[in-house]
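Comments concern the structure below.
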Amino acid sequence: MEEETKTSQIPKNFDSQTQEARIYKIWEDSGVFSPEGSEAEIIKQGIEPGKPFVMTLPPPNANGDLHVGHTCGYSFQDAMGRYYRMHGRPTLLLPGKDHASIQTEAVYIRHLEEKGIDKWELGREKFYKMCYDFCIERANDARSQEKKIGLSADWNRELFTLDERLNTVIYDTFFKMYDDGLIYRGKYIINQCPHCRTALADIDTVHEKSRGILAEIIYPFVDEADQKVAERDFAANPINIKDDHGKVIDTKILSLKGITVATTRPETMLGDTAIAVHPDDPKYKNLIGKKVRIPIVDREIPIIADQEVDMQFGTAAVKVTPAHSPVDFEIGKRHDLPVINVIDELGRITAPAPDKYIGMDTVECSKALVKDLEELSLLVDIKNYKHEIVQCERCDTPIQHIVSYQWFVDVEPLAKKALAVLKNGGTKIIPDGQQSALIHFFENIEPWCISRQLWWGQDIPVWYSGGKELHDWLLEEVEKSGLGKGVSELSEKERSDLIAKFEDEMGKKVTGTGNIFVQKDKPENDPDWDGGPSELLFEKESDILDTWFSSGQWPFSTLGGPGGDDYSKYYPTDVLETARDILFWWVARMMMLGIYRTGKTPFHTVYLHGMILAEDGKKMSKSRGNGVSPMEVIRTYGADALRLWYYSDTLPGANSPLRTEKIKGNRNFVNKIWNAFRFVIMNVQDSELEQLREKLEEISTEMNAMSDGIDAEKGEEYQKEHMYSMITKTNIQQIDGYVEEYRFNLAAEEIREFFWHTICDKWIEEVKNKIQDLKPGDSTRIRVLASLIHPMMQYLKAMHPFIPFITEAVWQELVKLGLADGDLIIQVSN
RNA sequence: GGGCGAUUAGCUCAGCUGGCUAGAGCAUCUCGUUUACACCGAGAGGGUCGUAGGUUCAAAUCCUACAUCGCCCACCA
């Protein structure tokens with residue numbers, strides 16, 4: 001009768017939906033999510049606490065729900081956290097949320113647009129406030145989802161990347177880098193997204209194949225006498241026309257009127273400042289140094305020689321537009337060419353282009369020019385042409401290369417140090433292949449543009465005396481003059497002369513010196529200004545920082561930065577676990593900024609989990625509608641089932657299609673664990689609990705003392721009693737080894753295999769047979785049961801980091817029976 | 001153009017530093033209601049480990065080339 005009662009008390013199936021929330025509450029209440037809490041518990045169990053185990057968790061973007069990639073990361077982070085916590089290390093998993101500047105701004109703008117609200121009408125201040133509230137709300141949602149996967153993070157330390165506490169650290173880095181000359185303001189060719197209306201770092205762009213045109217245009221010689229040279233040299237060197245396979249099928253002789261160039265973007269001719277040819281090209285050799293006239297614009301430009309020009313491509317002569325092509329910008333620098341910018345921030349043609357074209361967008365202008373050139377008989381050819389274009393990563397708008405003043409970080413010296421760390425093993429990337437990729441990235445790194453013309457993000461802590469326009473104007477003048485000094489180093493005379501020139505050119509009165517103040521708060525005075533404080537204008541930098549500038553400091557900013565309490569205890573951190581696709585964006589920056597700011601690499605290991613694909617093997621995306629919400633999976637199969645799938649299937653370096661049937665299989669495994677213990681609990685009589693407890697303790701003591709295996713001399717009975725425990729112990733050691741080597745798939749497989757097919761299929765069946773005829777209270781029965789329960793309980797501990805909910809749920813049942821004590825989450829074994 | 005990776009059972013994938021008849025989950029087939037679990041158990045079928053060479057006593061595992069596929073980076077007009 002009693003047996004029946006007990007069985008009916010425990011449901012046949014583990015109901016993850018109701019149980020998980022209850023279990024999570026137990027953990028939160030236990031206080032062990034904080035390193036202080038876990039340390040106290042470790043000490044309480046009489047164990048000397050080990051070195052803290054610390055992970056700063058990748059902050060998800062606070063603009064949407066968690067996706068399967070986020071919960072994948074959390075599963076690995078949590079497994080490591082729980083594992084080391086249960087191995088006596090005070091553990092800190094530090095959570096947060098990322099403001100994700102450009103991405104969130106794009107998301108929020110769309111959100112506003114749906115409500116018919118325009119960003120520009122709203123105004124900066126209001127937009128910021130509303131976006132902030134939006135993020136905080138989303139962050140709350142995200143947090144509750146993080147709890148659902150079982151994340152044992154220290155919520156009291158959670159931070160948002162725009163938190164004031166972080167700003168302080170981040171600005172300190174900015175100031176230090178500025179002082180070290182690593183941050184500078186400069187006029188360079190940048191990627192401009194006309195839709196987002198901001199500059200973008202190279203890494204924030206994507207390259208896509210696109211259909212376009214290739215137009216051949218004649219730039220007539222200024223000196224008609226040059227046609228004679230052309231007549232001789234062009235005829236002697238006809239252009240080969242090739243088919244798709246590179247076979248020469250025809251030849252043609254170039255127009256003698258001038259130089260024929262091929263371009264995919266005719267509109268940029270408005271900003272051309274040279275024609276470049278290869279120095280050894282026999283066609284053009286004798287024309288180097290001569291001049292041609294840009295059609296329509298009527299500007300004379302020189303023919304220059306540059307090694308970059310490919311003699312085999314097109315007409316082997318290129319137009320050079322330093323303002324609108326990165327390659328041309330470099331050529332321009334080498335030959336000291338003027339930079340004429342004819343495209344504005346919105347992607348429209350602007351002065352000094354001819355009036356007719358001003359205001360057109362680039363495609364419109366290109367069409368108009370082609371037509372006009374044709375009328376002038378200067379268009380030789382136009383055909384469809386497939387080529388790669390650069391797009392904004394966020395909105396897919398083709399980016400415009402334009403020249404403008406931006407803030408840059410000279411990352412090269414930082415990359416060198418990071419490279420050294422990678423090469424000497426200070427930080428190891430898993431998988432290996434990605435380590436090579438990162439090395440390659442560091443070896444080829446370019447200056448990082450960190451200013452964005454956006455509203456959502458961190459202010460750049462800079463003030464301009466007399467206004468930004470004046471400063472940038474002075475910068476340009478100083479550079480042109482070749483004085484070789486900065487704006488701040490101008491003599492009084494030089495400065496007043498230049499300012500007078502500026503006032504004259506711009507037709508406005510200057511109230512400031514053009515100096516720059518790198519600080520957070522508005523400066524009170526400018527020592528070089530003598531016009532009286534009331535008239536002094538300080539303009540705040542309106543640009544904001546690239547989001548990766550702050551998230552790149554995450555491992556130490558969250559710990560309070562150098563000098564902070566947490567920093568001294570918990571930095572450098574141990575492992576950084578994240579997705580492979582932000583290796584260059586985030587991991588690279590954390591290494592560079594971390595080493596720069598602290599002198600230490602921020603983590604010894606970077607574990608990159610695989611990318612999760614939809615069941616159809618493609619990337620999950622909203623447009624395809626093949627996305628799967630992790631919350632839905634958790635609701636259906638439970639968090640443990642999903643976690644276990646991650647461990648066994650999302651290997652580093654792999655792309656893993658989500659397999660529902662496997663998750664279902666894992667759910668079955670979770671249920672199997674539940675029922676295995678259900679069997680045990682059902683069999684044990686209340687009257688036997690006392691004896692059983694004693695026996696279990698006895699085995700525990702024996703097992704702790706035992707190191708290399710069972711002592712055969714102790715007899716057969718003894719062996720029987722400890723056999724299961726011994727085998728289990730060995731198996732657990734194997735699993736520990738896997739975890740410490742980050743081979744989670746092997747650990748997960750082993751756990752499944754061992755518990756299901758050894759403990760359940762073999763041992764439980766054996767025990768069933770052994771106790772079949774024994775009466776409750778029989779000492780053999782107690783011994784047999786204990787010999788099974790002991791290893792099963794040990795195995796619960798080993799399984800806990802992977803599948804925390806079911807193991808804790810079972811453990812709590814054992815606590816009820818007095819067979820276990822405390823919470824499984826902090827059962828420390830050393 | 002450069003970098004990284006993949007190719008193993010019907011499907012999705014394991015297989016670390018080379019070594020017992022190559023594994024798992026799911027799927028398929030046969031049998032089984034034995035008081036933990038049918039979200040179960042017992043068992044079965046199924047692979048010349050992309051191709052061609054090479055190193056070795058021994059290769060899915062190391063090397064070379066090729067083929068196919070994928071991802072990332074990139075300034076060819």
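Please note that chains go A, B, ... in the order of the structure tokens, that every chain numbers its residues from 1, and that ligands are numbered from 1 in the order shown.
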| task | Can you pull out every residue within 7 Å of Val54 of chain A, counting only C-alpha atoms (C1' of nucleotides), but drop anything in the same chain fewer than 5 positions away, and send it as a ChimeraX atom specification? | result | /A:91-93,570,573-574
Would you output that residue set with all heavy atoms, as a PDB file, in the first residue's frame?
```pdb
ATOM      1  N   THR A  91      32.463  31.518  -8.451  1.00  0.00           N
ATOM      2  CA  THR A  91      32.222  31.731  -9.870  1.00  0.00           C
ATOM      3  C   THR A  91      31.408  32.978 -10.157  1.00  0.00           C
ATOM      4  O   THR A  91      30.407  33.235  -9.493  1.00  0.00           O
ATOM      5  CB  THR A  91      31.515  30.479 -10.439  1.00  0.00           C
ATOM      6  OG1 THR A  91      32.443  29.395 -10.387  1.00  0.00           O
ATOM      7  CG2 THR A  91      31.058  30.694 -11.874  1.00  0.00           C
ATOM      8  N   LEU A  92      31.875  33.712 -11.143  1.00  0.00           N
ATOM      9  CA  LEU A  92      31.154  34.902 -11.583  1.00  0.00           C
ATOM     10  C   LEU A  92      30.850  34.814 -13.076  1.00  0.00           C
ATOM     11  O   LEU A  92      31.756  34.786 -13.910  1.00  0.00           O
ATOM     12  CB  LEU A  92      31.991  36.163 -11.313  1.00  0.00           C
ATOM     13  CG  LEU A  92      31.438  37.471 -11.901  1.00  0.00           C
ATOM     14  CD1 LEU A  92      30.043  37.776 -11.374  1.00  0.00           C
ATOM     15  CD2 LEU A  92      32.378  38.633 -11.623  1.00  0.00           C
ATOM     16  N   LEU A  93      29.569  34.714 -13.370  1.00  0.00           N
ATOM     17  CA  LEU A  93      29.126  34.855 -14.752  1.00  0.00           C
ATOM     18  C   LEU A  93      28.457  36.218 -14.800  1.00  0.00           C
ATOM     19  O   LEU A  93      27.405  36.423 -14.208  1.00  0.00           O
ATOM     20  CB  LEU A  93      28.129  33.759 -15.144  1.00  0.00           C
ATOM     21  CG  LEU A  93      28.584  32.309 -14.988  1.00  0.00           C
ATOM     22  CD1 LEU A  93      27.499  31.356 -15.499  1.00  0.00           C
ATOM     23  CD2 LEU A  93      29.889  32.049 -15.730  1.00  0.00           C
ATOM     24  N   TYR A 570      38.833  39.790 -10.076  1.00  0.00           N
ATOM     25  CA  TYR A 570      38.335  38.900 -11.130  1.00  0.00           C
ATOM     26  C   TYR A 570      38.933  39.110 -12.525  1.00  0.00           C
ATOM     27  O   TYR A 570      38.517  38.471 -13.479  1.00  0.00           O
ATOM     28  CB  TYR A 570      36.812  39.008 -11.202  1.00  0.00           C
ATOM     29  CG  TYR A 570      36.137  38.725  -9.893  1.00  0.00           C
ATOM     30  CD1 TYR A 570      35.268  39.633  -9.303  1.00  0.00           C
ATOM     31  CD2 TYR A 570      36.396  37.525  -9.227  1.00  0.00           C
ATOM     32  CE1 TYR A 570      34.655  39.366  -8.092  1.00  0.00           C
ATOM     33  CE2 TYR A 570      35.791  37.254  -7.999  1.00  0.00           C
ATOM     34  CZ  TYR A 570      34.923  38.177  -7.439  1.00  0.00           C
ATOM     35  OH  TYR A 570      34.332  37.903  -6.246  1.00  0.00           O
ATOM     36  N   THR A 573      39.735  37.621 -16.932  1.00  0.00           N
ATOM     37  CA  THR A 573      38.703  36.599 -16.829  1.00  0.00           C
ATOM     38  C   THR A 573      39.265  35.284 -17.381  1.00  0.00           C
ATOM     39  O   THR A 573      40.415  35.234 -17.820  1.00  0.00           O
ATOM     40  CB  THR A 573      37.445  37.010 -17.615  1.00  0.00           C
ATOM     41  OG1 THR A 573      37.730  36.929 -19.015  1.00  0.00           O
ATOM     42  CG2 THR A 573      37.017  38.428 -17.265  1.00  0.00           C
ATOM     43  N   ASP A 574      38.462  34.251 -17.351  1.00  0.00           N
ATOM     44  CA  ASP A 574      38.969  32.949 -17.799  1.00  0.00           C
ATOM     45  C   ASP A 574      38.635  32.662 -19.252  1.00  0.00           C
ATOM     46  O   ASP A 574      39.502  32.630 -20.098  1.00  0.00           O
ATOM     47  CB  ASP A 574      38.411  31.849 -16.889  1.00  0.00           C
ATOM     48  CG  ASP A 574      39.050  31.906 -15.524  1.00  0.00           C
ATOM     49  OD1 ASP A 574      40.160  31.384 -15.379  1.00  0.00           O
ATOM     50  OD2 ASP A 574      38.469  32.531 -14.620  1.00  0.00           O
TER      51      ASP A 574
END
```
| Counting only C-alpha atoms (C1' of nucleotides), chain B residues within 7 Å of chain A, as a PyMOL selection string | chain B and resi 3-4+25-26+36-37+39+75+77
| said: Report, in Å to a single decimal, how far apart atom CA of Arg124 of chain A and atom CA of Trp455 of chain A are. | reply: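 One can read the atom CA of Trp455 of chain A to atom CA of Arg124 of chain A distance as 6.3 Å.
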List as a PDB file with all heavy atoms, in the first residue's frame the protein and nucleic acid residues near segment 155-166 of chain A, meaning an atom at most 6 Å away when only C-alpha atoms (C1' of nucleotides) are counted, but skip any in the same chain fewer than 4 places from it.
```pdb
ATOM      1  N   PRO A  95      26.512  39.099 -16.443  1.00  0.00           N
ATOM      2  CA  PRO A  95      25.606  39.316 -17.588  1.00  0.00           C
ATOM      3  C   PRO A  95      25.474  40.794 -17.945  1.00  0.00           C
ATOM      4  O   PRO A  95      25.884  41.660 -17.166  1.00  0.00           O
ATOM      5  CB  PRO A  95      24.283  38.801 -17.057  1.00  0.00           C
ATOM      6  CG  PRO A  95      24.319  39.119 -15.604  1.00  0.00           C
ATOM      7  CD  PRO A  95      25.772  39.094 -15.179  1.00  0.00           C
ATOM      8  N   GLY A  96      24.913  41.063 -19.085  1.00  0.00           N
ATOM      9  CA  GLY A  96      24.677  42.446 -19.491  1.00  0.00           C
ATOM     10  C   GLY A  96      23.844  42.529 -20.744  1.00  0.00           C
ATOM     11  O   GLY A  96      23.417  41.516 -21.297  1.00  0.00           O
ATOM     12  N   LYS A  97      23.634  43.767 -21.148  1.00  0.00           N
ATOM     13  CA  LYS A  97      22.879  44.009 -22.383  1.00  0.00           C
ATOM     14  C   LYS A  97      23.616  45.088 -23.161  1.00  0.00           C
ATOM     15  O   LYS A  97      24.145  46.030 -22.580  1.00  0.00           O
ATOM     16  CB  LYS A  97      21.463  44.495 -22.063  1.00  0.00           C
ATOM     17  CG  LYS A  97      20.663  43.545 -21.170  1.00  0.00           C
ATOM     18  CD  LYS A  97      20.259  42.281 -21.878  1.00  0.00           C
ATOM     19  CE  LYS A  97      19.659  41.280 -20.914  1.00  0.00           C
ATOM     20  NZ  LYS A  97      20.658  40.643 -20.017  1.00  0.00           N
ATOM     21  N   ASP A  98      23.581  44.955 -24.461  1.00  0.00           N
ATOM     22  CA  ASP A  98      24.322  45.877 -25.320  1.00  0.00           C
ATOM     23  C   ASP A  98      23.372  46.891 -25.960  1.00  0.00           C
ATOM     24  O   ASP A  98      22.316  46.515 -26.458  1.00  0.00           O
ATOM     25  CB  ASP A  98      25.031  45.072 -26.408  1.00  0.00           C
ATOM     26  CG  ASP A  98      26.043  45.905 -27.181  1.00  0.00           C
ATOM     27  OD1 ASP A  98      26.237  47.088 -26.840  1.00  0.00           O
ATOM     28  OD2 ASP A  98      26.631  45.364 -28.127  1.00  0.00           O
ATOM     29  N   HIS A  99      23.767  48.145 -25.964  1.00  0.00           N
ATOM     30  CA  HIS A  99      22.920  49.156 -26.610  1.00  0.00           C
ATOM     31  C   HIS A  99      22.964  48.996 -28.133  1.00  0.00           C
ATOM     32  O   HIS A  99      22.049  49.402 -28.828  1.00  0.00           O
ATOM     33  CB  HIS A  99      23.343  50.566 -26.204  1.00  0.00           C
ATOM     34  CG  HIS A  99      24.639  51.014 -26.795  1.00  0.00           C
ATOM     35  ND1 HIS A  99      25.852  50.577 -26.317  1.00  0.00           N
ATOM     36  CD2 HIS A  99      24.914  51.842 -27.825  1.00  0.00           C
ATOM     37  CE1 HIS A  99      26.816  51.154 -27.027  1.00  0.00           C
ATOM     38  NE2 HIS A  99      26.283  51.913 -27.960  1.00  0.00           N
ATOM     39  N   SER A 557      35.571  46.751 -18.214  1.00  0.00           N
ATOM     40  CA  SER A 557      34.679  47.847 -17.838  1.00  0.00           C
ATOM     41  C   SER A 557      33.611  47.344 -16.868  1.00  0.00           C
ATOM     42  O   SER A 557      33.256  48.025 -15.913  1.00  0.00           O
ATOM     43  CB  SER A 557      34.031  48.474 -19.075  1.00  0.00           C
ATOM     44  OG  SER A 557      33.181  47.555 -19.728  1.00  0.00           O
TER      45      SER A 557
END
```
| said: Show me, as a PyMOL selection string, the residues that have an atom within 12 Å of U34 of chain B when counting only C-alpha atoms (C1' of nucleotides), minus same-chain residues fewer than 5 positions from it. | reply: (chain A and resi 765+768-769) or (chain B and resi 40-42)
If you keep N, CA, C and O atoms (P, O5', C5', C4', C3', O3' and C1' of nucleotides), can you produce a file of those selected residues as an mmCIF file, in the first residue's frame?
```
data_model
loop_
_atom_site.group_PDB
_atom_site.id
_atom_site.type_symbol
_atom_site.label_atom_id
_atom_site.label_comp_id
_atom_site.auth_asym_id
_atom_site.auth_seq_id
_atom_site.Cartn_x
_atom_site.Cartn_y
_atom_site.Cartn_z
ATOM 1 N N GLU A 765 18.480 -2.923 -13.712
ATOM 2 C CA GLU A 765 17.919 -4.258 -13.954
ATOM 3 C C GLU A 765 18.566 -5.293 -13.052
ATOM 4 O O GLU A 765 17.897 -6.177 -12.500
ATOM 5 N N LYS A 768 17.248 -4.813 -9.579
ATOM 6 C CA LYS A 768 15.880 -5.327 -9.516
ATOM 7 C C LYS A 768 15.885 -6.807 -9.186
ATOM 8 O O LYS A 768 15.156 -7.279 -8.319
ATOM 9 N N ASN A 769 16.710 -7.527 -9.924
ATOM 10 C CA ASN A 769 16.788 -8.963 -9.713
ATOM 11 C C ASN A 769 17.298 -9.306 -8.330
ATOM 12 O O ASN A 769 16.792 -10.208 -7.672
ATOM 13 P P C B 40 11.502 6.565 -24.884
ATOM 14 O "O5'" C B 40 11.984 5.292 -24.071
ATOM 15 C "C5'" C B 40 11.914 5.280 -22.641
ATOM 16 C "C4'" C B 40 11.687 3.864 -22.148
ATOM 17 C "C3'" C B 40 12.532 2.791 -22.799
ATOM 18 O "O3'" C B 40 13.855 2.797 -22.288
ATOM 19 C "C1'" C B 40 10.337 2.012 -22.620
ATOM 20 P P G B 41 15.022 2.336 -23.239
ATOM 21 O "O5'" G B 41 14.868 0.755 -23.176
ATOM 22 C "C5'" G B 41 15.043 0.086 -21.946
ATOM 23 C "C4'" G B 41 14.710 -1.365 -22.097
ATOM 24 C "C3'" G B 41 15.485 -2.103 -23.174
ATOM 25 O "O3'" G B 41 16.763 -2.472 -22.722
ATOM 26 C "C1'" G B 41 13.203 -2.657 -23.326
ATOM 27 P P A B 42 17.944 -2.700 -23.760
ATOM 28 O "O5'" A B 42 17.502 -4.077 -24.416
ATOM 29 C "C5'" A B 42 17.612 -5.291 -23.686
ATOM 30 C "C4'" A B 42 17.259 -6.443 -24.588
ATOM 31 C "C3'" A B 42 18.067 -6.507 -25.877
ATOM 32 O "O3'" A B 42 19.311 -7.152 -25.688
ATOM 33 C "C1'" A B 42 15.776 -6.770 -26.369
#
```
| query | Using the chain letters and numbers from this document, which residues of segment 147-215 of chain A does DSSP assign to helix (DSSP H, G or I), as a list in words? | reply |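 In segment 147-215 of chain A, DSSP puts these residues in helix (DSSP H, G or I): Lys147, Lys148, Trp155, Asn156, Arg157, Glu164, Arg165, Leu166, Asn167, Thr168, Val169, Ile170, Tyr171, Asp172, Thr173, Phe174, Phe175, Lys176, Met177, Tyr178, Asp179, Asp202, Ile203 and Asp204 of chain A.
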| field | Selection: 9 Å around segment 60-64 of chain B, only C-alpha atoms (C1' of nucleotides), excl. self and same-chain fewer than 2 positions, as a list in words | value | U8, G15, G18, A22, C49, G53, G54 and U55 of chain B
| message | Applying 7 Å and only C-alpha atoms (C1' of nucleotides), which residues near segment 362-365 of chain A remain after dropping the ones on its own chain fewer than 5 positions away? List them as a list in words. | response |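 Counting only C-alpha atoms (C1' of nucleotides), the residues come to Glu267, Gly347, Arg348, Ile349 and Tyr357 of chain A.
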Taking N, CA and C atoms for each residue, export the selection above as a PDB file, in the first residue's frame.
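Generated output (result11.pdb):
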```pdb
ATOM      1  N   GLU A 267      29.449  58.731 -62.761  1.00  0.00           N
ATOM      2  CA  GLU A 267      29.205  59.965 -62.002  1.00  0.00           C
ATOM      3  C   GLU A 267      30.429  60.439 -61.221  1.00  0.00           C
ATOM      4  N   GLY A 347      24.355  60.802 -50.305  1.00  0.00           N
ATOM      5  CA  GLY A 347      24.548  60.113 -51.563  1.00  0.00           C
ATOM      6  C   GLY A 347      24.111  60.929 -52.760  1.00  0.00           C
ATOM      7  N   ARG A 348      24.028  62.214 -52.589  1.00  0.00           N
ATOM      8  CA  ARG A 348      23.614  63.070 -53.693  1.00  0.00           C
ATOM      9  C   ARG A 348      24.804  63.854 -54.238  1.00  0.00           C
ATOM     10  N   ILE A 349      24.683  64.184 -55.530  1.00  0.00           N
ATOM     11  CA  ILE A 349      25.748  64.965 -56.158  1.00  0.00           C
ATOM     12  C   ILE A 349      25.745  66.372 -55.567  1.00  0.00           C
ATOM     13  N   TYR A 357      23.824  68.777 -62.381  1.00  0.00           N
ATOM     14  CA  TYR A 357      23.775  67.457 -61.740  1.00  0.00           C
ATOM     15  C   TYR A 357      23.579  67.508 -60.225  1.00  0.00           C
TER      16      TYR A 357
END
```
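Atom C1' of U68 of chain B lies 29.3 Å from atom C1' of U56 of chain B.
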Residue contacts of segment 536-539 of chain A (7 Å, only C-alpha atoms (C1' of nucleotides)) excluding same-chain residues fewer than 3 positions away, as a PDB file with N, CA, C and O atoms, in the first residue's frame:
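Saved to result_16.pdb:
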```pdb
ATOM      1  N   TRP A 463      35.062  68.550 -27.139  1.00  0.00           N
ATOM      2  CA  TRP A 463      34.457  69.877 -27.325  1.00  0.00           C
ATOM      3  C   TRP A 463      35.339  70.683 -28.252  1.00  0.00           C
ATOM      4  O   TRP A 463      36.571  70.634 -28.178  1.00  0.00           O
ATOM      5  N   TYR A 464      34.693  71.465 -29.116  1.00  0.00           N
ATOM      6  CA  TYR A 464      35.428  72.299 -30.063  1.00  0.00           C
ATOM      7  C   TYR A 464      35.267  73.771 -29.673  1.00  0.00           C
ATOM      8  O   TYR A 464      34.140  74.275 -29.637  1.00  0.00           O
ATOM      9  N   SER A 465      36.369  74.429 -29.442  1.00  0.00           N
ATOM     10  CA  SER A 465      36.305  75.864 -29.166  1.00  0.00           C
ATOM     11  C   SER A 465      36.104  76.589 -30.485  1.00  0.00           C
ATOM     12  O   SER A 465      36.885  76.436 -31.415  1.00  0.00           O
ATOM     13  N   GLY A 466      35.024  77.346 -30.551  1.00  0.00           N
ATOM     14  CA  GLY A 466      34.740  78.073 -31.789  1.00  0.00           C
ATOM     15  C   GLY A 466      34.003  77.229 -32.821  1.00  0.00           C
ATOM     16  O   GLY A 466      33.739  77.697 -33.913  1.00  0.00           O
ATOM     17  N   GLY A 467      33.699  76.006 -32.447  1.00  0.00           N
ATOM     18  CA  GLY A 467      32.886  75.167 -33.334  1.00  0.00           C
ATOM     19  C   GLY A 467      33.692  74.125 -34.084  1.00  0.00           C
ATOM     20  O   GLY A 467      34.883  74.260 -34.311  1.00  0.00           O
ATOM     21  N   LYS A 468      32.994  73.055 -34.422  1.00  0.00           N
ATOM     22  CA  LYS A 468      33.602  71.919 -35.114  1.00  0.00           C
ATOM     23  C   LYS A 468      34.069  72.319 -36.519  1.00  0.00           C
ATOM     24  O   LYS A 468      35.133  71.911 -36.976  1.00  0.00           O
ATOM     25  N   THR A 511      34.000  82.725 -32.632  1.00  0.00           N
ATOM     26  CA  THR A 511      34.086  82.958 -31.188  1.00  0.00           C
ATOM     27  C   THR A 511      34.746  81.756 -30.534  1.00  0.00           C
ATOM     28  O   THR A 511      34.118  80.942 -29.885  1.00  0.00           O
ATOM     29  N   GLY A 512      36.030  81.632 -30.765  1.00  0.00           N
ATOM     30  CA  GLY A 512      36.783  80.517 -30.194  1.00  0.00           C
ATOM     31  C   GLY A 512      38.097  80.420 -30.915  1.00  0.00           C
ATOM     32  O   GLY A 512      38.371  81.169 -31.857  1.00  0.00           O
ATOM     33  N   GLY A 532      36.948  87.144 -24.154  1.00  0.00           N
ATOM     34  CA  GLY A 532      35.950  87.252 -23.099  1.00  0.00           C
ATOM     35  C   GLY A 532      35.079  86.014 -23.025  1.00  0.00           C
ATOM     36  O   GLY A 532      34.630  85.525 -24.060  1.00  0.00           O
ATOM     37  N   PRO A 533      34.856  85.497 -21.814  1.00  0.00           N
ATOM     38  CA  PRO A 533      34.148  84.213 -21.658  1.00  0.00           C
ATOM     39  C   PRO A 533      32.714  84.247 -22.167  1.00  0.00           C
ATOM     40  O   PRO A 533      32.216  83.253 -22.656  1.00  0.00           O
TER      41      PRO A 533
END
```
